[in-house]
file entry.cif (mmCIF, C-alpha atoms)
data_final
loop_
_atom_site.label_atom_id
_atom_site.label_comp_id
_atom_site.auth_asym_id
_atom_site.auth_seq_id
_atom_site.Cartn_x
_atom_site.Cartn_y
_atom_site.Cartn_z
CA MET A 1112 -137.19 -57.21 153.29
CA GLU A 1113 -137.38 -53.44 152.82
CA LYS A 1114 -140.44 -51.35 151.95
CA LYS A 1115 -139.35 -50.85 148.34
CA GLU A 1116 -139.07 -54.61 147.89
CA TYR A 1117 -142.60 -55.10 149.23
CA ALA A 1118 -143.74 -52.40 146.81
CA VAL A 1119 -142.17 -54.24 143.88
CA LEU A 1120 -143.83 -57.47 144.97
CA ALA A 1121 -147.18 -55.70 145.26
CA VAL A 1122 -146.82 -54.47 141.68
CA ILE A 1123 -145.99 -58.02 140.52
CA ALA A 1124 -149.04 -59.35 142.38
CA LEU A 1125 -151.31 -56.77 140.74
CA ALA A 1126 -149.78 -57.55 137.36
CA THR A 1127 -150.51 -61.25 137.94
CA VAL A 1128 -154.18 -60.52 138.61
CA ALA A 1129 -154.29 -58.18 135.59
CA VAL A 1130 -152.91 -60.90 133.31
CA GLY A 1131 -155.67 -63.19 134.48
CA VAL A 1132 -158.34 -60.55 133.96
CA PHE A 1133 -157.28 -59.81 130.37
CA THR A 1134 -156.76 -63.44 129.33
CA THR A 1135 -159.66 -65.28 130.96
CA SER A 1136 -162.59 -66.44 128.88
CA LYS A 1137 -164.89 -66.59 131.91
CA PRO A 1138 -167.21 -63.83 133.15
CA LEU A 1139 -165.20 -61.57 135.46
CA ALA A 1140 -167.37 -62.25 138.52
CA THR A 1141 -167.01 -66.01 138.08
CA PHE A 1142 -163.29 -65.63 137.37
CA PHE A 1143 -162.64 -63.66 140.57
CA VAL A 1144 -164.64 -66.03 142.78
CA GLU A 1145 -163.01 -69.18 141.40
CA SER A 1146 -159.51 -67.68 141.24
CA THR A 1147 -159.68 -66.32 144.78
CA ARG A 1148 -160.83 -69.69 146.06
CA GLN A 1149 -158.00 -71.44 144.21
CA PHE A 1150 -155.49 -68.85 145.50
CA LEU A 1151 -156.51 -69.34 149.13
CA THR A 1152 -156.71 -73.14 149.04
CA THR A 1153 -153.38 -73.52 147.22
CA THR A 1154 -151.60 -71.18 149.64
CA ALA A 1155 -153.08 -72.94 152.66
CA ALA A 1156 -152.36 -76.41 151.27
CA MET A 1157 -148.68 -75.68 150.67
CA ALA A 1158 -148.27 -74.15 154.12
CA TRP A 1159 -150.02 -77.13 155.71
CA ILE A 1160 -148.01 -79.90 154.08
CA THR A 1161 -144.65 -78.18 154.64
CA TRP A 1162 -145.15 -76.85 158.19
CA TRP A 1163 -143.53 -79.78 160.00
CA ALA A 1164 -140.50 -79.76 157.67
CA LEU A 1165 -139.93 -76.05 158.25
CA VAL A 1166 -140.14 -76.36 162.05
CA VAL A 1167 -137.79 -79.34 162.20
CA GLY A 1168 -135.40 -77.80 159.66
CA PHE A 1169 -135.12 -74.51 161.54
CA ALA A 1170 -134.65 -76.36 164.84
CA ILE A 1171 -131.76 -78.38 163.39
CA ALA A 1172 -130.21 -75.24 161.89
CA GLY A 1173 -130.58 -73.48 165.25
CA GLY A 1174 -128.87 -76.34 167.06
CA VAL A 1175 -125.97 -76.40 164.63
CA GLU A 1176 -125.49 -72.64 164.92
CA ALA A 1177 -125.87 -72.52 168.71
CA TRP A 1178 -123.84 -75.60 169.61
CA THR A 1179 -120.92 -75.34 167.21
CA SER A 1180 -118.14 -72.78 166.76
CA ASP A 1181 -116.87 -71.34 163.46
CA GLU A 1182 -113.73 -69.72 164.86
CA GLU A 1183 -111.47 -72.07 162.88
CA VAL A 1184 -113.68 -72.51 159.83
CA ALA A 1185 -111.89 -69.87 157.76
CA ASP A 1186 -108.59 -71.70 158.21
CA LEU A 1187 -110.12 -74.85 156.74
CA LEU A 1188 -111.34 -72.88 153.72
CA ASP A 1189 -107.99 -71.28 152.89
CA GLY A 1190 -107.53 -72.86 149.48
CA HIS A 1191 -109.39 -73.93 146.35
CA GLY A 1192 -108.72 -77.68 146.31
CA LEU A 1193 -111.27 -80.47 146.70
CA ARG A 1194 -110.67 -80.54 150.47
CA GLU A 1195 -111.48 -76.85 150.94
CA ILE A 1196 -114.44 -76.97 148.54
CA GLY A 1197 -115.73 -80.03 150.39
CA TYR A 1198 -115.43 -78.33 153.75
CA GLY A 1199 -117.16 -75.22 152.40
CA SER A 1200 -120.04 -77.33 151.07
CA LEU A 1201 -120.31 -79.27 154.34
CA PHE A 1202 -120.31 -76.17 156.53
CA GLY A 1203 -122.88 -74.61 154.22
CA PHE A 1204 -125.10 -77.69 154.40
CA VAL A 1205 -125.26 -77.50 158.22
CA SER A 1206 -125.53 -73.70 158.31
CA SER A 1207 -128.31 -71.16 157.81
CA SER A 1208 -130.82 -71.33 155.00
CA CYS A 1209 -131.45 -67.58 154.93
CA SER A 1210 -129.82 -66.11 151.82
CA TYR A 1211 -129.02 -62.82 153.54
CA SER A 1212 -127.42 -64.58 156.49
CA ALA A 1213 -125.54 -66.88 154.11
CA ILE A 1214 -123.97 -64.06 152.12
CA ALA A 1215 -123.00 -62.22 155.33
CA THR A 1216 -121.37 -65.33 156.80
CA ALA A 1217 -119.58 -66.09 153.52
CA LYS A 1218 -118.29 -62.53 153.47
CA ASN A 1219 -116.87 -62.90 156.98
CA LEU A 1220 -115.19 -66.21 156.14
CA PHE A 1221 -113.72 -64.63 152.99
CA LYS A 1222 -112.61 -61.63 155.03
CA LYS A 1223 -110.77 -63.88 157.50
CA GLY A 1224 -108.74 -65.56 154.76
CA GLY A 1225 -110.93 -68.23 153.20
CA SER A 1226 -110.65 -68.57 149.44
CA ALA A 1227 -113.35 -67.15 147.18
CA ALA A 1228 -113.92 -70.63 145.75
CA ALA A 1229 -114.52 -72.26 149.16
CA THR A 1230 -116.40 -69.44 150.89
CA ILE A 1231 -118.39 -67.66 148.17
CA GLY A 1232 -118.46 -70.47 145.62
CA ALA A 1233 -119.17 -73.42 147.94
CA PHE A 1234 -120.26 -72.28 151.41
CA MET A 1235 -122.59 -69.46 150.29
CA PHE A 1236 -124.44 -71.57 147.75
CA ALA A 1237 -124.66 -74.70 149.93
CA SER A 1238 -125.96 -72.75 152.94
CA THR A 1239 -128.88 -71.50 150.83
CA ASN A 1240 -129.74 -74.29 148.40
CA LEU A 1241 -128.48 -77.53 149.98
CA VAL A 1242 -129.71 -77.18 153.56
CA ILE A 1243 -132.07 -79.60 155.29
CA GLU A 1244 -135.24 -77.51 155.34
CA ILE A 1245 -135.19 -76.59 151.65
CA GLY A 1246 -134.49 -80.23 150.80
CA ALA A 1247 -137.47 -81.37 152.86
CA VAL A 1248 -139.81 -78.84 151.24
CA ILE A 1249 -138.56 -79.76 147.73
CA TRP A 1250 -139.22 -83.44 148.47
CA ILE A 1251 -142.72 -82.72 149.78
CA LEU A 1252 -143.86 -80.34 147.03
CA LEU A 1253 -141.86 -81.46 144.00
CA GLY A 1254 -140.82 -85.05 144.71
CA TRP A 1255 -137.66 -87.03 145.35
CA GLN A 1256 -136.45 -86.58 141.78
CA PHE A 1257 -136.23 -82.83 142.29
CA LEU A 1258 -134.45 -83.32 145.61
CA LEU A 1259 -131.88 -85.57 143.95
CA ALA A 1260 -131.54 -83.08 141.09
CA ASP A 1261 -131.11 -80.20 143.53
CA ILE A 1262 -128.25 -82.02 145.29
CA VAL A 1263 -126.50 -83.22 142.12
CA GLY A 1264 -127.02 -79.87 140.41
CA GLY A 1265 -125.83 -78.06 143.53
CA PHE A 1266 -122.48 -79.80 143.40
CA ILE A 1267 -122.23 -79.15 139.66
CA LEU A 1268 -122.88 -75.45 140.25
CA ILE A 1269 -120.39 -75.31 143.13
CA GLY A 1270 -117.82 -76.94 140.84
CA MET A 1271 -118.47 -74.34 138.15
CA MET A 1272 -118.14 -71.49 140.64
CA ALA A 1273 -114.94 -72.92 142.11
CA PHE A 1274 -113.44 -73.41 138.62
CA ALA A 1275 -114.32 -69.83 137.65
CA PHE A 1276 -112.83 -68.35 140.83
CA THR A 1277 -109.68 -70.44 140.45
CA TYR A 1278 -108.97 -70.15 136.74
CA LEU A 1279 -111.07 -67.35 135.23
CA VAL A 1280 -111.36 -64.51 137.75
CA PRO A 1281 -108.04 -62.59 137.99
CA ASP A 1282 -106.28 -62.89 141.35
CA ASP A 1283 -106.00 -59.11 141.66
CA VAL A 1284 -109.79 -58.77 141.37
CA VAL A 1285 -110.28 -61.32 144.17
CA GLU A 1286 -107.72 -59.66 146.43
CA GLN A 1287 -109.19 -56.23 145.77
CA ALA A 1288 -112.57 -57.61 146.85
CA ARG A 1289 -110.96 -58.95 150.03
CA GLU A 1290 -109.42 -55.55 150.72
CA ASN A 1291 -112.82 -53.91 150.20
CA VAL A 1292 -114.31 -56.25 152.81
CA ARG A 1293 -111.49 -55.63 155.28
CA ASP A 1294 -111.39 -51.87 154.76
CA ASP A 1295 -113.89 -51.01 157.47
CA GLY A 1296 -111.32 -49.46 159.81
CA GLU A 1297 -112.61 -51.43 162.78
CA ARG A 1298 -111.32 -54.29 164.90
CA LYS A 1299 -114.12 -56.71 165.65
CA VAL A 1300 -114.59 -59.71 167.91
CA ARG A 1301 -117.43 -62.13 168.37
CA ASP A 1302 -120.02 -61.83 171.13
CA PRO A 1303 -119.85 -65.29 172.79
CA VAL A 1304 -123.58 -65.22 173.58
CA CYS A 1305 -125.40 -64.14 170.41
CA GLY A 1306 -122.57 -64.52 167.86
CA MET A 1307 -122.75 -60.92 166.69
CA GLU A 1308 -119.48 -59.18 165.80
CA VAL A 1309 -118.74 -56.10 167.91
CA ASN A 1310 -116.00 -53.48 168.05
CA PRO A 1311 -114.20 -53.77 171.43
CA ASP A 1312 -113.50 -50.04 171.37
CA ASP A 1313 -117.17 -49.13 170.99
CA THR A 1314 -118.94 -51.54 173.31
CA ASP A 1315 -119.49 -50.80 177.00
CA TYR A 1316 -120.02 -54.44 177.88
CA SER A 1317 -117.14 -56.79 178.69
CA VAL A 1318 -116.17 -59.49 181.18
CA GLU A 1319 -112.72 -60.60 182.36
CA HIS A 1320 -112.32 -64.33 183.02
CA ASP A 1321 -109.13 -66.38 183.40
CA GLY A 1322 -107.04 -63.67 181.80
CA GLU A 1323 -109.29 -63.36 178.75
CA THR A 1324 -111.64 -60.49 177.91
CA TYR A 1325 -115.07 -61.25 176.45
CA TYR A 1326 -116.95 -58.44 174.69
CA PHE A 1327 -120.71 -58.17 174.24
CA CYS A 1328 -123.09 -56.21 172.03
CA SER A 1329 -125.60 -55.48 174.79
CA GLU A 1330 -126.18 -55.62 178.53
CA SER A 1331 -128.54 -58.60 178.16
CA CYS A 1332 -125.83 -60.64 176.43
CA GLN A 1333 -123.32 -59.66 179.12
CA GLU A 1334 -125.71 -60.74 181.89
CA SER A 1335 -126.48 -63.98 180.05
CA PHE A 1336 -122.83 -64.98 179.70
CA ASP A 1337 -121.70 -67.96 181.75
CA PRO A 1338 -117.92 -68.43 181.43
CA GLU A 1339 -118.24 -72.03 182.57
CA GLU A 1340 -120.36 -72.77 179.51
CA ALA A 1341 -118.26 -70.83 176.99
CA ASN A 1342 -116.43 -73.96 175.87
CA THR A 1343 -118.97 -76.67 176.58
CA THR A 1344 -119.21 -79.64 174.24
CA ILE A 1345 -122.10 -80.30 171.87
CA ARG A 1346 -123.24 -83.18 174.08
CA GLU A 1347 -123.25 -80.97 177.17
CA GLN A 1348 -125.26 -78.28 175.41
CA ALA A 1349 -127.71 -80.79 173.93
CA THR A 1350 -128.44 -82.15 177.42
CA SER A 1351 -128.81 -78.81 179.23
CA MET A 1352 -131.68 -76.34 179.38
CA SER A 1353 -129.31 -73.47 178.61
CA GLY A 1354 -128.18 -75.28 175.45
CA TRP A 1355 -131.76 -75.67 174.29
CA LYS A 1356 -132.41 -72.05 175.16
CA ALA A 1357 -129.53 -71.09 172.86
CA LEU A 1358 -130.99 -73.34 170.13
CA ALA A 1359 -134.39 -71.71 170.55
CA ASP A 1360 -132.90 -68.23 170.27
CA LYS A 1361 -130.95 -69.11 167.13
CA GLN A 1362 -133.84 -70.82 165.37
CA TRP A 1363 -136.13 -67.92 166.22
CA LYS A 1364 -133.60 -65.58 164.61
CA GLU A 1365 -133.85 -67.71 161.45
CA TRP A 1366 -137.65 -67.49 161.53
CA GLY A 1367 -137.35 -63.73 161.99
CA MET A 1368 -135.22 -63.40 158.87
CA LEU A 1369 -137.15 -65.83 156.68
CA TRP A 1370 -140.81 -65.87 157.66
CA ASP A 1371 -141.80 -63.10 155.25
CA GLU A 1372 -140.02 -64.71 152.30
CA ILE A 1373 -141.60 -68.08 153.04
CA ALA A 1374 -145.05 -66.48 153.33
CA ILE A 1375 -144.51 -64.52 150.12
CA GLY A 1376 -143.46 -67.70 148.35
CA PHE A 1377 -146.70 -69.44 149.35
CA ILE A 1378 -148.81 -66.38 148.49
CA PHE A 1379 -147.27 -65.93 145.05
CA ALA A 1380 -147.61 -69.64 144.34
CA GLY A 1381 -151.30 -69.32 145.20
CA LEU A 1382 -151.72 -66.18 143.09
CA ILE A 1383 -150.11 -67.74 140.05
CA ALA A 1384 -152.07 -70.98 140.45
CA GLY A 1385 -155.35 -69.15 140.97
CA PHE A 1386 -155.25 -66.15 138.64
CA ILE A 1387 -153.19 -67.17 135.59
CA PRO A 1388 -155.37 -69.17 133.16
CA GLU A 1389 -153.99 -72.41 131.80
CA GLN A 1390 -153.99 -71.09 128.22
CA VAL A 1391 -151.39 -68.47 129.20
CA TRP A 1392 -148.97 -71.17 130.33
CA THR A 1393 -149.56 -73.31 127.25
CA THR A 1394 -148.81 -70.28 125.09
CA VAL A 1395 -145.60 -69.36 126.92
CA PHE A 1396 -144.33 -72.93 127.23
CA SER A 1397 -145.76 -74.24 123.97
CA GLY A 1398 -143.10 -76.88 123.40
CA ALA A 1399 -139.78 -77.43 121.69
CA THR A 1400 -140.54 -75.39 118.55
CA PHE A 1401 -136.88 -75.01 117.55
CA GLY A 1402 -135.74 -78.32 118.96
CA LEU A 1403 -135.41 -79.54 122.53
CA PRO A 1404 -131.90 -78.17 123.25
CA VAL A 1405 -132.88 -74.64 122.21
CA TYR A 1406 -136.15 -74.89 124.13
CA ILE A 1407 -134.43 -76.02 127.34
CA PHE A 1408 -131.79 -73.30 126.95
CA TRP A 1409 -134.19 -70.39 126.61
CA THR A 1410 -136.56 -71.67 129.30
CA ALA A 1411 -133.58 -72.07 131.66
CA VAL A 1412 -132.72 -68.42 130.99
CA VAL A 1413 -136.37 -67.49 131.59
CA GLY A 1414 -136.39 -69.51 134.82
CA ALA A 1415 -133.29 -67.72 136.14
CA LEU A 1416 -134.77 -64.33 135.18
CA ILE A 1417 -138.01 -65.17 137.00
CA GLY A 1418 -135.92 -66.11 140.03
CA ILE A 1419 -134.28 -62.68 139.97
CA ALA A 1420 -137.50 -60.76 139.39
CA THR A 1421 -139.52 -62.36 142.19
CA PHE A 1422 -137.17 -61.11 144.96
CA VAL A 1423 -137.90 -64.32 146.90
CA CYS A 1424 -135.09 -66.66 147.92
CA SER A 1425 -134.25 -69.91 149.68
CA VAL A 1426 -137.23 -71.96 150.96
CA GLY A 1427 -139.72 -69.35 149.71
CA ASN A 1428 -138.78 -70.24 146.13
CA VAL A 1429 -139.98 -73.82 146.29
CA PRO A 1430 -143.80 -73.30 146.32
CA PHE A 1431 -143.54 -71.01 143.29
CA ALA A 1432 -141.25 -73.58 141.61
CA ALA A 1433 -143.99 -76.19 142.07
CA VAL A 1434 -146.51 -73.98 140.30
CA LEU A 1435 -144.08 -73.21 137.47
CA PHE A 1436 -143.32 -76.91 136.92
CA SER A 1437 -146.98 -77.93 137.02
CA ASN A 1438 -147.71 -75.30 134.36
CA GLY A 1439 -145.05 -76.27 131.86
CA LEU A 1440 -141.63 -74.90 132.87
CA PRO A 1441 -139.22 -77.78 132.09
CA PHE A 1442 -137.57 -79.80 134.84
CA GLY A 1443 -134.06 -78.33 134.52
CA SER A 1444 -135.37 -74.80 134.01
CA VAL A 1445 -137.16 -75.03 137.37
CA LEU A 1446 -133.78 -75.71 138.99
CA SER A 1447 -132.31 -72.67 137.20
CA TYR A 1448 -135.12 -70.66 138.79
CA ILE A 1449 -134.36 -72.04 142.27
CA TYR A 1450 -130.59 -71.52 141.93
CA ALA A 1451 -131.02 -67.85 140.96
CA ASP A 1452 -132.04 -66.93 144.52
CA LEU A 1453 -128.55 -65.57 145.22
CA ILE A 1454 -128.84 -62.86 142.56
CA VAL A 1455 -132.09 -61.15 143.50
CA PRO A 1456 -131.63 -57.34 143.36
CA PRO A 1457 -131.17 -56.72 147.13
CA ILE A 1458 -128.49 -59.41 147.32
CA MET A 1459 -126.66 -58.08 144.25
CA ASP A 1460 -126.68 -54.67 145.91
CA ALA A 1461 -125.18 -56.27 149.04
CA TYR A 1462 -122.42 -57.79 146.90
CA ARG A 1463 -121.59 -54.32 145.63
CA ASP A 1464 -121.44 -52.93 149.16
CA TYR A 1465 -119.28 -55.82 150.37
CA TYR A 1466 -116.86 -56.42 147.53
CA GLY A 1467 -117.03 -53.45 145.16
CA THR A 1468 -118.75 -53.01 141.81
CA THR A 1469 -116.36 -55.07 139.66
CA PHE A 1470 -116.35 -58.18 141.81
CA ALA A 1471 -120.12 -57.90 142.42
CA ALA A 1472 -120.79 -57.78 138.68
CA LEU A 1473 -118.53 -60.78 138.04
CA LEU A 1474 -120.06 -62.76 140.91
CA SER A 1475 -123.65 -62.05 139.84
CA GLY A 1476 -122.87 -62.93 136.23
CA MET A 1477 -121.12 -66.15 137.26
CA ILE A 1478 -124.09 -67.26 139.38
CA PHE A 1479 -126.53 -66.52 136.54
CA VAL A 1480 -124.51 -68.44 133.96
CA ALA A 1481 -123.89 -71.33 136.36
CA ALA A 1482 -127.60 -71.52 137.26
CA VAL A 1483 -128.62 -71.67 133.58
CA LEU A 1484 -125.94 -74.20 132.57
CA THR A 1485 -126.62 -76.41 135.60
CA GLY A 1486 -130.34 -76.46 134.81
CA ILE A 1487 -129.60 -77.54 131.23
CA ILE A 1488 -127.14 -80.25 132.28
CA ILE A 1489 -129.48 -81.64 134.93
CA HIS A 1490 -132.44 -81.68 132.53
CA PHE A 1491 -130.70 -83.80 129.91
CA LEU A 1492 -128.98 -85.97 132.53
CA PHE A 1493 -132.27 -86.85 134.23
CA LEU A 1494 -134.05 -87.12 130.89
CA GLY A 1495 -131.51 -89.71 129.80
CA MET A 1496 -132.04 -91.67 133.01
CA GLY A 1497 -135.82 -91.41 132.77
CA LEU A 1498 -136.09 -89.60 136.11
CA ILE A 1499 -138.08 -86.52 135.14
CA PRO A 1500 -141.41 -86.73 137.01
CA ASP A 1501 -144.82 -85.98 135.56
CA PRO A 1502 -145.88 -82.38 136.33
CA SER A 1503 -149.20 -83.72 137.61
CA SER A 1504 -147.33 -85.25 140.58
CA VAL A 1505 -146.58 -81.83 142.06
CA GLN A 1506 -148.26 -81.18 145.42
CA ILE A 1507 -150.47 -78.15 144.74
CA ALA A 1508 -153.81 -79.80 145.38
CA GLU A 1509 -156.57 -78.20 147.43
CA ILE A 1510 -156.19 -78.40 151.17
CA LYS A 1511 -157.56 -81.49 152.89
CA ILE A 1512 -156.95 -81.74 156.61
CA GLU A 1513 -157.22 -85.43 157.33
CA MET A 1514 -156.19 -87.74 160.19
CA ASN A 1515 -153.05 -89.07 158.55
CA TYR A 1516 -149.27 -88.86 158.94
CA LYS A 1517 -149.30 -85.18 157.88
CA MET A 1518 -151.66 -84.36 160.73
CA VAL A 1519 -149.46 -86.24 163.23
CA LEU A 1520 -146.27 -84.58 162.00
CA ASN A 1521 -147.85 -81.13 162.06
CA VAL A 1522 -149.21 -81.60 165.59
CA LEU A 1523 -145.79 -82.75 166.84
CA ALA A 1524 -144.08 -79.91 164.97
CA THR A 1525 -146.47 -77.37 166.46
CA GLY A 1526 -145.68 -78.68 169.93
CA LEU A 1527 -141.95 -78.36 169.25
CA PHE A 1528 -142.45 -74.87 167.82
CA LEU A 1529 -144.39 -73.71 170.89
CA PHE A 1530 -141.83 -75.26 173.26
CA LEU A 1531 -138.94 -73.51 171.49
CA TYR A 1532 -140.89 -70.25 171.44
CA TRP A 1533 -141.44 -70.55 175.20
CA LEU A 1534 -137.73 -71.15 175.71
CA HIS A 1535 -136.90 -68.17 173.51
CA ARG A 1536 -139.19 -65.91 175.54
CA SER A 1537 -137.94 -67.32 178.83
CA GLU A 1538 -135.67 -65.11 180.91
CA SER A 1539 -133.81 -68.09 182.31
CA ALA A 1540 -130.71 -69.71 180.83
CA GLY A 1541 -129.62 -66.56 179.06
CA SER A 1542 -132.06 -63.87 177.94
CA GLY A 1543 -131.70 -61.75 174.85
CA GLN A 1544 -129.68 -64.17 172.78
CA GLY A 1545 -132.17 -64.18 169.96
CA GLU A 1546 -132.26 -60.42 169.49
CA HIS A 1547 -129.30 -60.11 167.19
CA ALA A 1548 -128.19 -61.35 163.81
CA HIS A 1549 -125.42 -63.94 163.72
CA MET A 1550 -122.05 -62.68 162.42
CA ALA A 1551 -123.52 -59.45 161.08
CA ASP A 1552 -121.24 -56.54 160.23
#

call {"tool": "encode", "arguments": {"input": "entry.cif", "output": "structure tokens"}}
result
Amino acid sequence: MEKKEYAVLAVIALATVAVGVFTTSKPLATFFVESTRQFLTTTAAMAWITWWALVVGFAIAGGVEAWTSDEEVADLLDGHGLREIGYGSLFGFVSSSCSYSAIATAKNLFKKGGSAAATIGAFMFASTNLVIEIGAVIWILLGWQFLLADIVGGFILIGMMAFAFTYLVPDDVVEQARENVRDDGERKVRDPVCGMEVNPDDTDYSVEHDGETYYFCSESCQESFDPEEANTTIREQATSMSGWKALADKQWKEWGMLWDEIAIGFIFAGLIAGFIPEQVWTTVFSGATFGLPVYIFWTAVVGALIGIATFVCSVGNVPFAAVLFSNGLPFGSVLSYIYADLIVPPIMDAYRDYYGTTFAALLSGMIFVAAVLTGIIIHFLFLGMGLIPDPSSVQIAEIKIEMNYKMVLNVLATGLFLFLYWLHRSESAGSGQGEHAHMAD
């Protein structure tokens, strides 16, 4: 995140405290002591109960990214049928959970010939909202009903996006966006070590092997390259130290891109839980005054707008979602909030840089509408099946470190985290692989 984004978040944090100050009925000294305590314990509790899921999720994502190749992925996404949409969703599910990495990878797949429906509509959304780590955190904090709703709603939203790209967005607008992406005037190839795209004419690092030239972004990647391992199988990489070194580098890259958003998500969840009095929430979400359908509609819009305004995306959204649900935001509207993570201001600005103003505006509007409609559909679907959980079931309780399965999982996860960190810092089996962003332009 950039400095201006941190500044915006700081203003939001101060505004949160100010709302509490002006609405509390307690003496200010008592209010600050109790609210600060609640803020700290809530933040720590959420971090504690989700730590193992984050470590395991990032390790799996790192293994998928390090041990698999996406050279032919774009060819499988060249179309807008069920097959291509399915492949896009599958590749997204096993890909990165970082929103910024997801939009960059989707852009590259679109640039190489994948359809907008399969790459931007399916892959980009799935790689942010349907990945393993966000699913694990949703299950832990919000419950299995929310996890099921996230999956079902995710496919509904992907279907809406694919339909819009296929039947509503003019073909000339899509092709102009593709031309905007391709119009960089540079020929680029992939660094076989770190995955970064480099211009062969600009890099000083290359290796000739068996009549093929490999190009690298840095001297460390060139020195790390082993041509005998360039085409190794997943099984070979999973059973070699160099393969685990590559996994460690990739998962550390994911931590590097997401740690601040995850931390901000926990901090804001704690701030909201600690400093906003309950009477504020009961006033805002006072009930279905104009009927349930109208109430769910406008709260779904509010949820999506909150998702845009908080600047936080992917896994970092879930702790805040738990606080919103426990304080009255309806079930489906919470999903609208989570799904809006792909239209936070920095990402919308990236869309404009990638695709041009027209396509960026259409894409952002489509995601907003799809997030709101999906939230509404899921709410009434789960309401009809009796699957909406009680808000009191949300895991935002005070921290209690006890000798139970959470302690065991966290200890094991910490051991795995430290082992992967040691591998990442190790100079053996290929140094420097974790220094660069995957498929960045």

call {"tool": "closest_residue", "arguments": {"input": "entry.cif", "among": "A:Thr1216, A:Thr1147, A:Thr1324, A:Thr1277", "to": "A:Leu1193", "atoms": "only C-alpha atoms"}}
result
A:Thr1277

call {"tool": "closest_residue", "arguments": {"input": "entry.cif", "among": "A:Asn1428, A:Thr1239, A:Thr1127, A:Thr1525", "to": "A:Val1167", "atoms": "all atoms listed in the file"}}
result
A:Thr1525

call {"tool": "atom_distance", "arguments": {"input": "entry.cif", "atom1": "atom CA of A:Pro1456", "atom2": "atom CA of A:Ile1419"}}
result
6.9 Å

call {"tool": "atom_distance", "arguments": {"input": "entry.cif", "atom1": "atom CA of A:Ile1488", "atom2": "atom CA of A:Asp1189"}}
result
29.5 Å

call {"tool": "residues_around", "arguments": {"input": "entry.cif", "residues": "A:Ala1247", "least_positions_apart": "4", "cutoff": "8 Å", "atoms": "only C-alpha atoms", "output": "short mmCIF file (atom, residue, chain, number, x, y, z; two decimals) with C-alpha atoms, in the coordinates of the input"}}
result
data_model
loop_
_atom_site.label_atom_id
_atom_site.label_comp_id
_atom_site.auth_asym_id
_atom_site.auth_seq_id
_atom_site.Cartn_x
_atom_site.Cartn_y
_atom_site.Cartn_z
CA ALA A 1164 -140.50 -79.76 157.67
CA LEU A 1165 -139.93 -76.05 158.25
CA GLY A 1168 -135.40 -77.80 159.66
CA ILE A 1243 -132.07 -79.60 155.29
CA ILE A 1251 -142.72 -82.72 149.78
#

call {"tool": "resolve_selection", "arguments": {"input": "entry.cif", "expression": "the PyMOL selection byres ((chain A and resi 1490) around 8)", "output": "PyMOL selection string"}}
result
chain A and resi 1407+1441-1444+1486-1489+1491-1494+1499
